[in-house]
$ cat start-v4.pdb   # PDB, C-alpha atoms and all ligand atoms
MODEL        1
ATOM      1  CA  MET W 348      47.938  69.629  99.369  1.00  0.00           C
ATOM      2  CA  THR W 349      45.121  67.625 100.884  1.00  0.00           C
ATOM      3  CA  ARG W 350      45.187  64.023  99.715  1.00  0.00           C
ATOM      4  CA  LEU W 351      42.937  61.003 100.012  1.00  0.00           C
ATOM      5  CA  VAL W 352      44.330  57.522  99.453  1.00  0.00           C
ATOM      6  CA  ILE W 353      41.970  54.558  99.698  1.00  0.00           C
ATOM      7  CA  ALA W 354      43.440  51.073  99.930  1.00  0.00           C
ATOM      8  CA  ALA W 355      42.179  47.625 100.857  1.00  0.00           C
ATOM      9  CA  ASP W 356      42.634  47.077 104.580  1.00  0.00           C
ATOM     10  CA  ALA W 357      44.110  43.622 103.973  1.00  0.00           C
ATOM     11  CA  LYS W 358      46.353  44.833 101.129  1.00  0.00           C
ATOM     12  CA  PRO W 359      47.848  48.258 101.828  1.00  0.00           C
ATOM     13  CA  ASP W 360      49.556  48.278  98.411  1.00  0.00           C
ATOM     14  CA  LEU W 361      46.248  47.813  96.609  1.00  0.00           C
ATOM     15  CA  VAL W 362      45.404  51.487  96.086  1.00  0.00           C
ATOM     16  CA  ILE W 363      41.858  52.041  94.893  1.00  0.00           C
ATOM     17  CA  THR W 364      41.811  55.839  94.893  1.00  0.00           C
ATOM     18  CA  ASP W 365      44.510  58.502  95.221  1.00  0.00           C
ATOM     19  CA  THR W 366      43.252  62.040  94.770  1.00  0.00           C
ATOM     20  CA  ASN W 367      43.845  65.686  95.684  1.00  0.00           C
ATOM     21  CA  ASN W 368      40.395  66.721  94.452  1.00  0.00           C
ATOM     22  CA  ALA W 369      38.488  68.221  97.384  1.00  0.00           C
ATOM     23  CA  LEU W 370      35.064  67.460  95.946  1.00  0.00           C
ATOM     24  CA  GLU W 371      35.977  63.839  95.353  1.00  0.00           C
ATOM     25  CA  ILE W 372      37.497  63.592  98.811  1.00  0.00           C
ATOM     26  CA  ALA W 373      34.287  64.946 100.363  1.00  0.00           C
ATOM     27  CA  GLU W 374      32.180  62.545  98.297  1.00  0.00           C
ATOM     28  CA  GLN W 375      34.267  59.479  99.153  1.00  0.00           C
ATOM     29  CA  LEU W 376      34.253  60.347 102.832  1.00  0.00           C
ATOM     30  CA  ARG W 377      30.542  61.112 102.866  1.00  0.00           C
ATOM     31  CA  ALA W 378      29.996  57.571 101.581  1.00  0.00           C
ATOM     32  CA  ILE W 379      31.446  56.200 104.817  1.00  0.00           C
ATOM     33  CA  GLY W 380      29.598  58.662 107.048  1.00  0.00           C
ATOM     34  CA  CYS W 381      32.323  61.286 107.405  1.00  0.00           C
ATOM     35  CA  ARG W 382      32.311  65.030 106.963  1.00  0.00           C
ATOM     36  CA  PHE W 383      35.010  66.752 104.944  1.00  0.00           C
ATOM     37  CA  GLU W 384      34.931  70.468 104.195  1.00  0.00           C
ATOM     38  CA  GLN W 385      37.471  73.100 103.286  1.00  0.00           C
ATOM     39  CA  TRP W 386      37.221  76.344 105.211  1.00  0.00           C
ATOM     40  CA  THR W 387      39.470  79.361 105.232  1.00  0.00           C
ATOM     41  CA  ALA W 388      42.315  79.165 107.716  1.00  0.00           C
ATOM     42  CA  SER W 389      44.117  82.407 107.058  1.00  0.00           C
ATOM     43  CA  ALA W 390      44.502  83.866 110.549  1.00  0.00           C
ATOM     44  CA  SER W 391      48.124  84.462 111.358  1.00  0.00           C
ATOM     45  CA  LEU W 392      48.970  82.952 114.720  1.00  0.00           C
ATOM     46  CA  ALA W 393      51.899  84.073 116.826  1.00  0.00           C
ATOM     47  CA  ASP W 394      54.580  81.506 117.629  1.00  0.00           C
ATOM     48  CA  ASP W 395      53.395  81.501 121.214  1.00  0.00           C
ATOM     49  CA  ALA W 396      49.662  81.686 120.471  1.00  0.00           C
ATOM     50  CA  ASP W 397      47.861  79.732 123.155  1.00  0.00           C
ATOM     51  CA  GLN W 398      44.509  77.972 123.025  1.00  0.00           C
ATOM     52  CA  ALA W 399      42.544  81.140 123.800  1.00  0.00           C
ATOM     53  CA  ALA W 400      44.295  83.031 121.004  1.00  0.00           C
ATOM     54  CA  VAL W 401      43.639  80.282 118.457  1.00  0.00           C
ATOM     55  CA  LEU W 402      39.985  80.001 119.448  1.00  0.00           C
ATOM     56  CA  ALA W 403      39.593  83.781 119.336  1.00  0.00           C
ATOM     57  CA  ALA W 404      41.080  83.890 115.832  1.00  0.00           C
ATOM     58  CA  TYR W 405      38.540  81.312 114.614  1.00  0.00           C
ATOM     59  CA  ASN W 406      35.647  82.295 116.867  1.00  0.00           C
ATOM     60  CA  SER W 407      33.068  82.669 114.096  1.00  0.00           C
ATOM     61  CA  ASP W 408      33.892  79.250 112.590  1.00  0.00           C
ATOM     62  CA  VAL W 409      33.849  77.596 116.000  1.00  0.00           C
ATOM     63  CA  THR W 410      30.564  79.208 117.006  1.00  0.00           C
ATOM     64  CA  ARG W 411      28.917  78.288 113.710  1.00  0.00           C
ATOM     65  CA  LEU W 412      29.871  74.624 113.971  1.00  0.00           C
ATOM     66  CA  ASN W 413      28.954  74.408 117.643  1.00  0.00           C
ATOM     67  CA  GLU W 414      25.495  75.786 116.917  1.00  0.00           C
ATOM     68  CA  LEU W 415      25.046  73.477 113.956  1.00  0.00           C
ATOM     69  CA  GLU W 416      26.301  70.271 115.545  1.00  0.00           C
ATOM     70  CA  GLY W 417      25.729  70.806 119.247  1.00  0.00           C
ATOM     71  CA  PHE W 418      29.343  70.522 120.337  1.00  0.00           C
ATOM     72  CA  THR W 419      29.752  71.503 123.956  1.00  0.00           C
ATOM     73  CA  THR W 420      33.518  71.753 124.233  1.00  0.00           C
ATOM     74  CA  VAL W 421      36.369  72.829 121.998  1.00  0.00           C
ATOM     75  CA  ASP W 422      40.074  72.818 122.571  1.00  0.00           C
ATOM     76  CA  VAL W 423      43.250  73.249 120.588  1.00  0.00           C
ATOM     77  CA  VAL W 424      46.123  70.890 119.945  1.00  0.00           C
ATOM     78  CA  ARG W 425      49.255  72.471 118.562  1.00  0.00           C
ATOM     79  CA  MET W 426      52.529  70.742 117.794  1.00  0.00           C
ATOM     80  CA  ARG W 427      55.062  73.313 116.869  1.00  0.00           C
ATOM     81  CA  ARG W 428      58.653  73.579 117.892  1.00  0.00           C
ATOM     82  CA  THR W 429      59.439  76.876 119.503  1.00  0.00           C
ATOM     83  CA  SER W 430      61.937  77.053 122.334  1.00  0.00           C
ATOM     84  CA  GLU W 431      62.351  73.368 123.178  1.00  0.00           C
ATOM     85  CA  THR W 432      65.780  71.790 123.253  1.00  0.00           C
ATOM     86  CA  ASP W 433      66.350  68.858 120.881  1.00  0.00           C
ATOM     87  CA  ALA W 434      65.778  66.401 123.730  1.00  0.00           C
ATOM     88  CA  GLU W 435      62.597  68.135 124.900  1.00  0.00           C
ATOM     89  CA  TRP W 436      61.201  68.281 121.387  1.00  0.00           C
ATOM     90  CA  ALA W 437      62.070  64.631 120.689  1.00  0.00           C
ATOM     91  CA  GLU W 438      60.278  63.573 123.851  1.00  0.00           C
ATOM     92  CA  LYS W 439      57.229  65.702 123.018  1.00  0.00           C
ATOM     93  CA  VAL W 440      57.063  64.311 119.484  1.00  0.00           C
ATOM     94  CA  THR W 441      57.463  60.699 120.542  1.00  0.00           C
ATOM     95  CA  GLY W 442      54.798  61.001 123.220  1.00  0.00           C
ATOM     96  CA  GLY W 443      52.384  62.948 121.045  1.00  0.00           C
ATOM     97  CA  ARG W 444      52.839  60.780 117.968  1.00  0.00           C
ATOM     98  CA  ASN W 445      52.601  57.434 119.716  1.00  0.00           C
ATOM     99  CA  LYS W 446      49.450  58.356 121.600  1.00  0.00           C
ATOM    100  CA  PHE W 447      47.046  57.643 118.743  1.00  0.00           C
ATOM    101  CA  LEU W 448      49.295  55.868 116.237  1.00  0.00           C
ATOM    102  CA  ALA W 449      47.599  52.497 116.796  1.00  0.00           C
ATOM    103  CA  GLU W 450      44.074  51.686 115.673  1.00  0.00           C
ATOM    104  CA  HIS W 451      41.371  52.817 118.094  1.00  0.00           C
ATOM    105  CA  THR W 452      37.830  54.132 118.443  1.00  0.00           C
ATOM    106  CA  HIS W 453      36.115  56.755 120.586  1.00  0.00           C
ATOM    107  CA  ASP W 454      32.657  56.930 122.109  1.00  0.00           C
ATOM    108  CA  ASP W 455      32.259  60.474 120.735  1.00  0.00           C
ATOM    109  CA  ASP W 456      32.649  61.777 117.199  1.00  0.00           C
ATOM    110  CA  GLU W 457      36.141  62.964 116.286  1.00  0.00           C
ATOM    111  CA  VAL W 458      36.041  66.363 114.608  1.00  0.00           C
ATOM    112  CA  ARG W 459      39.095  68.404 113.711  1.00  0.00           C
ATOM    113  CA  PHE W 460      39.591  71.724 111.970  1.00  0.00           C
ATOM    114  CA  PHE W 461      43.198  72.134 110.880  1.00  0.00           C
ATOM    115  CA  VAL W 462      44.307  75.762 111.095  1.00  0.00           C
ATOM    116  CA  GLU W 463      48.054  75.178 110.574  1.00  0.00           C
ATOM    117  CA  GLY W 464      50.236  72.491 109.106  1.00  0.00           C
ATOM    118  CA  SER W 465      49.089  68.956 108.401  1.00  0.00           C
ATOM    119  CA  GLY W 466      48.585  65.432 109.697  1.00  0.00           C
ATOM    120  CA  ALA W 467      47.214  62.123 108.431  1.00  0.00           C
ATOM    121  CA  PHE W 468      44.066  60.337 109.569  1.00  0.00           C
ATOM    122  CA  TYR W 469      43.514  56.700 108.650  1.00  0.00           C
ATOM    123  CA  LEU W 470      39.827  55.734 108.671  1.00  0.00           C
ATOM    124  CA  ARG W 471      38.933  52.063 108.378  1.00  0.00           C
ATOM    125  CA  ALA W 472      35.502  51.243 106.956  1.00  0.00           C
ATOM    126  CA  ASN W 473      34.029  48.738 104.509  1.00  0.00           C
ATOM    127  CA  ASN W 474      37.270  46.702 104.413  1.00  0.00           C
ATOM    128  CA  LYS W 475      39.182  49.750 103.225  1.00  0.00           C
ATOM    129  CA  VAL W 476      41.483  52.277 104.834  1.00  0.00           C
ATOM    130  CA  HIS W 477      40.830  55.899 103.869  1.00  0.00           C
ATOM    131  CA  ILE W 478      43.997  57.901 104.428  1.00  0.00           C
ATOM    132  CA  VAL W 479      43.256  61.611 104.657  1.00  0.00           C
ATOM    133  CA  VAL W 480      46.288  63.889 104.684  1.00  0.00           C
ATOM    134  CA  CYS W 481      44.697  67.005 106.131  1.00  0.00           C
ATOM    135  CA  GLN W 482      46.082  70.502 105.606  1.00  0.00           C
ATOM    136  CA  ALA W 483      45.280  73.891 107.087  1.00  0.00           C
ATOM    137  CA  GLY W 484      41.692  74.728 106.171  1.00  0.00           C
ATOM    138  CA  ASP W 485      40.435  71.141 106.260  1.00  0.00           C
ATOM    139  CA  LEU W 486      37.595  70.123 108.529  1.00  0.00           C
ATOM    140  CA  LEU W 487      37.353  66.376 109.046  1.00  0.00           C
ATOM    141  CA  GLY W 488      34.721  64.694 111.159  1.00  0.00           C
ATOM    142  CA  PHE W 489      33.992  61.027 111.639  1.00  0.00           C
ATOM    143  CA  PRO W 490      31.495  59.222 113.822  1.00  0.00           C
ATOM    144  CA  ALA W 491      31.864  57.603 117.205  1.00  0.00           C
ATOM    145  CA  GLY W 492      32.939  53.998 116.886  1.00  0.00           C
ATOM    146  CA  MET W 493      34.816  54.349 113.579  1.00  0.00           C
ATOM    147  CA  THR W 494      38.152  52.553 113.754  1.00  0.00           C
ATOM    148  CA  HIS W 495      41.019  54.897 112.925  1.00  0.00           C
ATOM    149  CA  TRP W 496      44.487  56.121 113.800  1.00  0.00           C
ATOM    150  CA  PHE W 497      46.423  59.384 113.380  1.00  0.00           C
ATOM    151  CA  ASP W 498      50.009  60.070 112.348  1.00  0.00           C
ATOM    152  CA  MET W 499      51.523  63.523 112.809  1.00  0.00           C
ATOM    153  CA  GLY W 500      54.907  62.404 111.460  1.00  0.00           C
ATOM    154  CA  THR W 501      58.315  62.416 113.087  1.00  0.00           C
ATOM    155  CA  ASN W 502      58.787  66.145 112.638  1.00  0.00           C
ATOM    156  CA  PRO W 503      55.277  67.464 113.247  1.00  0.00           C
ATOM    157  CA  GLY W 504      53.912  70.913 112.701  1.00  0.00           C
ATOM    158  CA  PHE W 505      50.198  71.422 112.969  1.00  0.00           C
ATOM    159  CA  CYS W 506      47.442  73.116 114.892  1.00  0.00           C
ATOM    160  CA  ALA W 507      43.904  71.757 115.019  1.00  0.00           C
ATOM    161  CA  ILE W 508      40.747  72.804 116.809  1.00  0.00           C
ATOM    162  CA  ARG W 509      38.971  69.815 118.345  1.00  0.00           C
ATOM    163  CA  PHE W 510      35.208  69.686 118.842  1.00  0.00           C
ATOM    164  CA  PHE W 511      33.503  67.470 121.423  1.00  0.00           C
ATOM    165  CA  HIS W 512      29.971  66.562 122.398  1.00  0.00           C
ATOM    166  CA  ASP W 513      31.345  65.029 125.563  1.00  0.00           C
ATOM    167  CA  PRO W 514      35.039  65.338 126.466  1.00  0.00           C
ATOM    168  CA  ASN W 515      34.712  62.150 128.511  1.00  0.00           C
ATOM    169  CA  GLY W 516      33.821  60.256 125.355  1.00  0.00           C
ATOM    170  CA  TRP W 517      37.154  60.973 123.822  1.00  0.00           C
ATOM    171  CA  VAL W 518      39.215  58.261 125.454  1.00  0.00           C
ATOM    172  CA  GLY W 519      40.926  55.962 122.967  1.00  0.00           C
ATOM    173  CA  ASN W 520      39.570  52.409 122.907  1.00  0.00           C
ATOM    174  CA  PHE W 521      42.423  50.504 121.288  1.00  0.00           C
ATOM    175  CA  THR W 522      41.486  47.565 119.100  1.00  0.00           C
ATOM    176  CA  GLY W 523      44.781  45.709 119.495  1.00  0.00           C
ATOM    177  CA  ASP W 524      45.006  45.298 115.715  1.00  0.00           C
ATOM    178  CA  ASP W 525      48.469  46.172 114.364  1.00  0.00           C
ATOM    179  CA  ILE W 526      47.083  47.289 110.995  1.00  0.00           C
ATOM    180  CA  ALA W 527      48.650  50.748 111.388  1.00  0.00           C
ATOM    181  CA  THR W 528      52.133  49.237 111.126  1.00  0.00           C
ATOM    182  CA  ARG W 529      51.359  47.975 107.613  1.00  0.00           C
ATOM    183  CA  PHE W 530      50.334  51.307 106.086  1.00  0.00           C
ATOM    184  CA  SER W 531      52.461  54.197 104.840  1.00  0.00           C
ATOM    185  CA  THR W 532      53.393  56.622 107.573  1.00  0.00           C
ATOM    186  CA  TYR W 533      52.723  60.350 107.377  1.00  0.00           C
ATOM    187  CA  ASP W 534      56.398  60.896 106.528  1.00  0.00           C
ATOM    188  CA  GLU W 535      56.138  58.456 103.644  1.00  0.00           C
ATOM    189  CA  LEU W 536      52.899  59.998 102.400  1.00  0.00           C
ATOM    190  CA  VAL W 537      54.213  63.546 102.226  1.00  0.00           C
ATOM    191  CA  GLY W 538      57.762  62.684 101.183  1.00  0.00           C
ATOM    192  CA  VAL W 539      59.488  64.894 103.682  1.00  0.00           C
ATOM    193  CA  ALA W 540      57.955  65.910 106.987  1.00  0.00           C
ATOM    194  CA  LYS W 541      57.918  69.655 107.310  1.00  0.00           C
ATOM    195  CA  ALA W 542      57.830  71.300 110.678  1.00  0.00           C
ATOM    196  CA  LEU W 543      56.426  74.754 111.190  1.00  0.00           C
ATOM    197  CA  ARG W 544      59.324  76.975 112.113  1.00  0.00           C
TER     198      ARG W 544
HETATM  199 FE    FE M 601      41.204  59.193 117.620  1.00  0.00          FE
ENDMDL
END
$ encode --input "start-v4.pdb" --output "structure tokens" --more "lines below"
Ligand SMILES: [Fe+2]
Amino acid sequence: MTRLVIAADAKPDLVITDTNNALEIAEQLRAIGCRFEQWTASASLADDADQAAVLAAYNSDVTRLNELEGFTTVDVVRMRRTSETDAEWAEKVTGGRNKFLAEHTHDDDEVRFFVEGSGAFYLRANNKVHIVVCQAGDLLGFPAGMTHWFDMGTNPGFCAIRFFHDPNGWVGNFTGDDIATRFSTYDELVGVAKALR
């Protein structure tokens, strides 16, 4: 279930809000300039569905948002164990998870529509960290320059469509702040990490 936890950035244990209510989540995130919506993500995707297949399955949603927001590029990120050996999967997970596990910003908005599985975004604004555990069906967007990090967990399973105004603006600018190490990980937030199998 989608969850929003808000805590003081200087005191991760000082939880201000902890809710599964989608309307409240949208309201809290709107207050810091973010978009949160719940769409339908009911297309069944084959184990080996590639980017084209995922985009085709959600073509009407993608087209609608592109027309509304002027996104010029979309792509798909999918972390799902299929035929990898244990060593291959471990390497893929470590590389994928560590990539954006430290606090960073981008020069473009970051917009994600989860169509499978889940992952946790940590958005830092107004001296608070807003932890959004996104599930399939959740659309989360936050503006360029917002400090954040992302944890897919140690046993990830998710698929998200990514929307860009400018793919070149989506390089991570790392802040060097180790704040991410002081907050609950995705695994801790969900109890047990569940992979899509
Ligand atoms: Fe990011």
$ residues_near_ligand --input "start-v4.pdb" --ligand "ligand FE 601 (chain M)" --cutoff "12 Å" --atoms "all atoms listed in the file" --output "number ranges by chain"
W: 444-459, 467-471, 487-498, 509, 511, 516-522
$ residues_around --input "start-v4.pdb" --residues "stretch 436-440 of chain W" --least-positions-apart "5" --cutoff "12 Å" --atoms "only C-alpha atoms" --output "list in words"
Arg425, Met426, Arg427, Arg428, Thr429, Ser430, Glu431, Asn445, Lys446, Leu448, Asp498, Met499, Gly500, Thr501, Asn502, Pro503, Gly504, Phe505 and Ala542 of chain W
$ write_last_selection --input "start-v4.pdb" --atoms "C-alpha atoms" --output "compact mmCIF listing (two decimals), in the coordinates of the input"
# COMPACT_ATOMS: atom_id res chain seq x y z
CA ARG W 425 49.26 72.47 118.56
CA MET W 426 52.53 70.74 117.79
CA ARG W 427 55.06 73.31 116.87
CA ARG W 428 58.65 73.58 117.89
CA THR W 429 59.44 76.88 119.50
CA SER W 430 61.94 77.05 122.33
CA GLU W 431 62.35 73.37 123.18
CA ASN W 445 52.60 57.43 119.72
CA LYS W 446 49.45 58.36 121.60
CA LEU W 448 49.30 55.87 116.24
CA ASP W 498 50.01 60.07 112.35
CA MET W 499 51.52 63.52 112.81
CA GLY W 500 54.91 62.40 111.46
CA THR W 501 58.32 62.42 113.09
CA ASN W 502 58.79 66.14 112.64
CA PRO W 503 55.28 67.46 113.25
CA GLY W 504 53.91 70.91 112.70
CA PHE W 505 50.20 71.42 112.97
CA ALA W 542 57.83 71.30 110.68
$ closest_residue --input "start-v4.pdb" --among "W:Thr366, W:Thr387, W:Asn473, W:Thr349" --to "W:Val537" --atoms "only C-alpha atoms"
W:Thr349
$ resolve_selection --input "start-v4.pdb" --expression "the PyMOL selection byres (((chain W and resi 363) around 9) and not hetatm)" --output "number ranges by chain"
W: 352-355, 361-362, 364-365
$ atom_distance --input "start-v4.pdb" --atom1 "atom CA of W:Leu415" --atom2 "atom CA of W:Arg382"
13.2 Å
$ closest_residue --input "start-v4.pdb" --among "W:Ala390, W:Ile526, W:Thr420, W:Val462" --to "W:Asn474" --atoms "all atoms listed in the file"
W:Ile526
$ atom_distance --input "start-v4.pdb" --atom1 "atom CA of W:Asn515" --atom2 "atom CA of W:Val476"
26.5 Å
$ residues_around --input "start-v4.pdb" --residues "W:Ser389" --least-positions-apart "6" --cutoff "9 Å" --atoms "all atoms listed in the file" --output "number ranges by chain"
W: 462-463, 483-484
$ build_atoms --input "start-v4.pdb" --residues "stretch 371-382 of chain W" --atoms "all heavy atoms" --output "mmCIF file, keeping the file's coordinate frame"
data_model
loop_
_atom_site.group_PDB
_atom_site.id
_atom_site.type_symbol
_atom_site.label_atom_id
_atom_site.label_comp_id
_atom_site.auth_asym_id
_atom_site.auth_seq_id
_atom_site.Cartn_x
_atom_site.Cartn_y
_atom_site.Cartn_z
ATOM 1 N N GLU W 371 35.961 65.305 95.349
ATOM 2 C CA GLU W 371 35.977 63.839 95.353
ATOM 3 C C GLU W 371 36.280 63.307 96.762
ATOM 4 O O GLU W 371 35.701 62.302 97.202
ATOM 5 C CB GLU W 371 37.006 63.307 94.347
ATOM 6 C CG GLU W 371 36.913 61.798 94.211
ATOM 7 C CD GLU W 371 37.936 61.224 93.225
ATOM 8 O OE1 GLU W 371 38.593 61.997 92.519
ATOM 9 O OE2 GLU W 371 38.053 59.987 93.205
ATOM 10 N N ILE W 372 37.175 63.995 97.439
ATOM 11 C CA ILE W 372 37.497 63.592 98.811
ATOM 12 C C ILE W 372 36.243 63.671 99.678
ATOM 13 O O ILE W 372 35.915 62.731 100.424
ATOM 14 C CB ILE W 372 38.627 64.480 99.390
ATOM 15 C CG1 ILE W 372 39.945 64.202 98.643
ATOM 16 C CG2 ILE W 372 38.791 64.247 100.891
ATOM 17 C CD1 ILE W 372 41.074 65.163 98.978
ATOM 18 N N ALA W 373 35.509 64.782 99.562
ATOM 19 C CA ALA W 373 34.287 64.946 100.363
ATOM 20 C C ALA W 373 33.275 63.857 100.022
ATOM 21 O O ALA W 373 32.632 63.292 100.913
ATOM 22 C CB ALA W 373 33.690 66.327 100.113
ATOM 23 N N GLU W 374 33.157 63.548 98.736
ATOM 24 C CA GLU W 374 32.180 62.545 98.297
ATOM 25 C C GLU W 374 32.543 61.155 98.823
ATOM 26 O O GLU W 374 31.701 60.418 99.335
ATOM 27 C CB GLU W 374 32.136 62.549 96.765
ATOM 28 C CG GLU W 374 30.982 61.795 96.185
ATOM 29 C CD GLU W 374 30.900 61.997 94.685
ATOM 30 O OE1 GLU W 374 31.060 63.148 94.227
ATOM 31 O OE2 GLU W 374 30.722 61.002 93.982
ATOM 32 N N GLN W 375 33.814 60.798 98.688
ATOM 33 C CA GLN W 375 34.267 59.479 99.153
ATOM 34 C C GLN W 375 34.092 59.340 100.658
ATOM 35 O O GLN W 375 33.714 58.270 101.153
ATOM 36 C CB GLN W 375 35.736 59.268 98.783
ATOM 37 C CG GLN W 375 36.009 59.169 97.293
ATOM 38 C CD GLN W 375 35.759 57.771 96.746
ATOM 39 O OE1 GLN W 375 35.289 56.882 97.456
ATOM 40 N NE2 GLN W 375 36.041 57.577 95.468
ATOM 41 N N LEU W 376 34.360 60.423 101.381
ATOM 42 C CA LEU W 376 34.253 60.347 102.832
ATOM 43 C C LEU W 376 32.798 60.375 103.286
ATOM 44 O O LEU W 376 32.435 59.739 104.276
ATOM 45 C CB LEU W 376 35.064 61.477 103.480
ATOM 46 C CG LEU W 376 36.581 61.347 103.273
ATOM 47 C CD1 LEU W 376 37.318 62.529 103.886
ATOM 48 C CD2 LEU W 376 37.103 60.035 103.886
ATOM 49 N N ARG W 377 31.978 61.102 102.548
ATOM 50 C CA ARG W 377 30.542 61.112 102.866
ATOM 51 C C ARG W 377 29.976 59.695 102.761
ATOM 52 O O ARG W 377 29.116 59.288 103.539
ATOM 53 C CB ARG W 377 29.801 62.065 101.915
ATOM 54 C CG ARG W 377 28.403 62.448 102.412
ATOM 55 C CD ARG W 377 27.690 63.399 101.462
ATOM 56 N NE ARG W 377 28.508 64.539 101.074
ATOM 57 C CZ ARG W 377 28.862 64.830 99.827
ATOM 58 N NH1 ARG W 377 28.468 64.090 98.827
ATOM 59 N NH2 ARG W 377 29.612 65.882 99.570
ATOM 60 N N ALA W 378 30.490 58.938 101.806
ATOM 61 C CA ALA W 378 29.996 57.571 101.581
ATOM 62 C C ALA W 378 30.248 56.653 102.778
ATOM 63 O O ALA W 378 29.586 55.634 102.927
ATOM 64 C CB ALA W 378 30.641 56.989 100.322
ATOM 65 N N ILE W 379 31.204 57.020 103.615
ATOM 66 C CA ILE W 379 31.446 56.200 104.817
ATOM 67 C C ILE W 379 31.021 56.960 106.085
ATOM 68 O O ILE W 379 31.467 56.640 107.189
ATOM 69 C CB ILE W 379 32.919 55.729 104.919
ATOM 70 C CG1 ILE W 379 33.890 56.906 104.922
ATOM 71 C CG2 ILE W 379 33.235 54.745 103.805
ATOM 72 C CD1 ILE W 379 35.302 56.538 105.360
ATOM 73 N N GLY W 380 30.178 57.976 105.895
ATOM 74 C CA GLY W 380 29.598 58.662 107.048
ATOM 75 C C GLY W 380 30.458 59.739 107.661
ATOM 76 O O GLY W 380 30.255 60.102 108.826
ATOM 77 N N CYS W 381 31.423 60.256 106.874
ATOM 78 C CA CYS W 381 32.323 61.286 107.405
ATOM 79 C C CYS W 381 32.038 62.641 106.769
ATOM 80 O O CYS W 381 31.485 62.731 105.679
ATOM 81 C CB CYS W 381 33.781 60.925 107.124
ATOM 82 S SG CYS W 381 34.258 59.348 107.821
ATOM 83 N N ARG W 382 32.462 63.671 107.462
ATOM 84 C CA ARG W 382 32.311 65.030 106.963
ATOM 85 C C ARG W 382 33.685 65.545 106.554
ATOM 86 O O ARG W 382 34.647 65.452 107.327
ATOM 87 C CB ARG W 382 31.756 65.925 108.087
ATOM 88 C CG ARG W 382 31.765 67.416 107.788
ATOM 89 C CD ARG W 382 31.706 68.221 109.091
ATOM 90 N NE ARG W 382 30.389 68.196 109.698
ATOM 91 C CZ ARG W 382 29.518 69.216 109.642
ATOM 92 N NH1 ARG W 382 29.828 70.320 109.024
ATOM 93 N NH2 ARG W 382 28.348 69.119 110.236
#
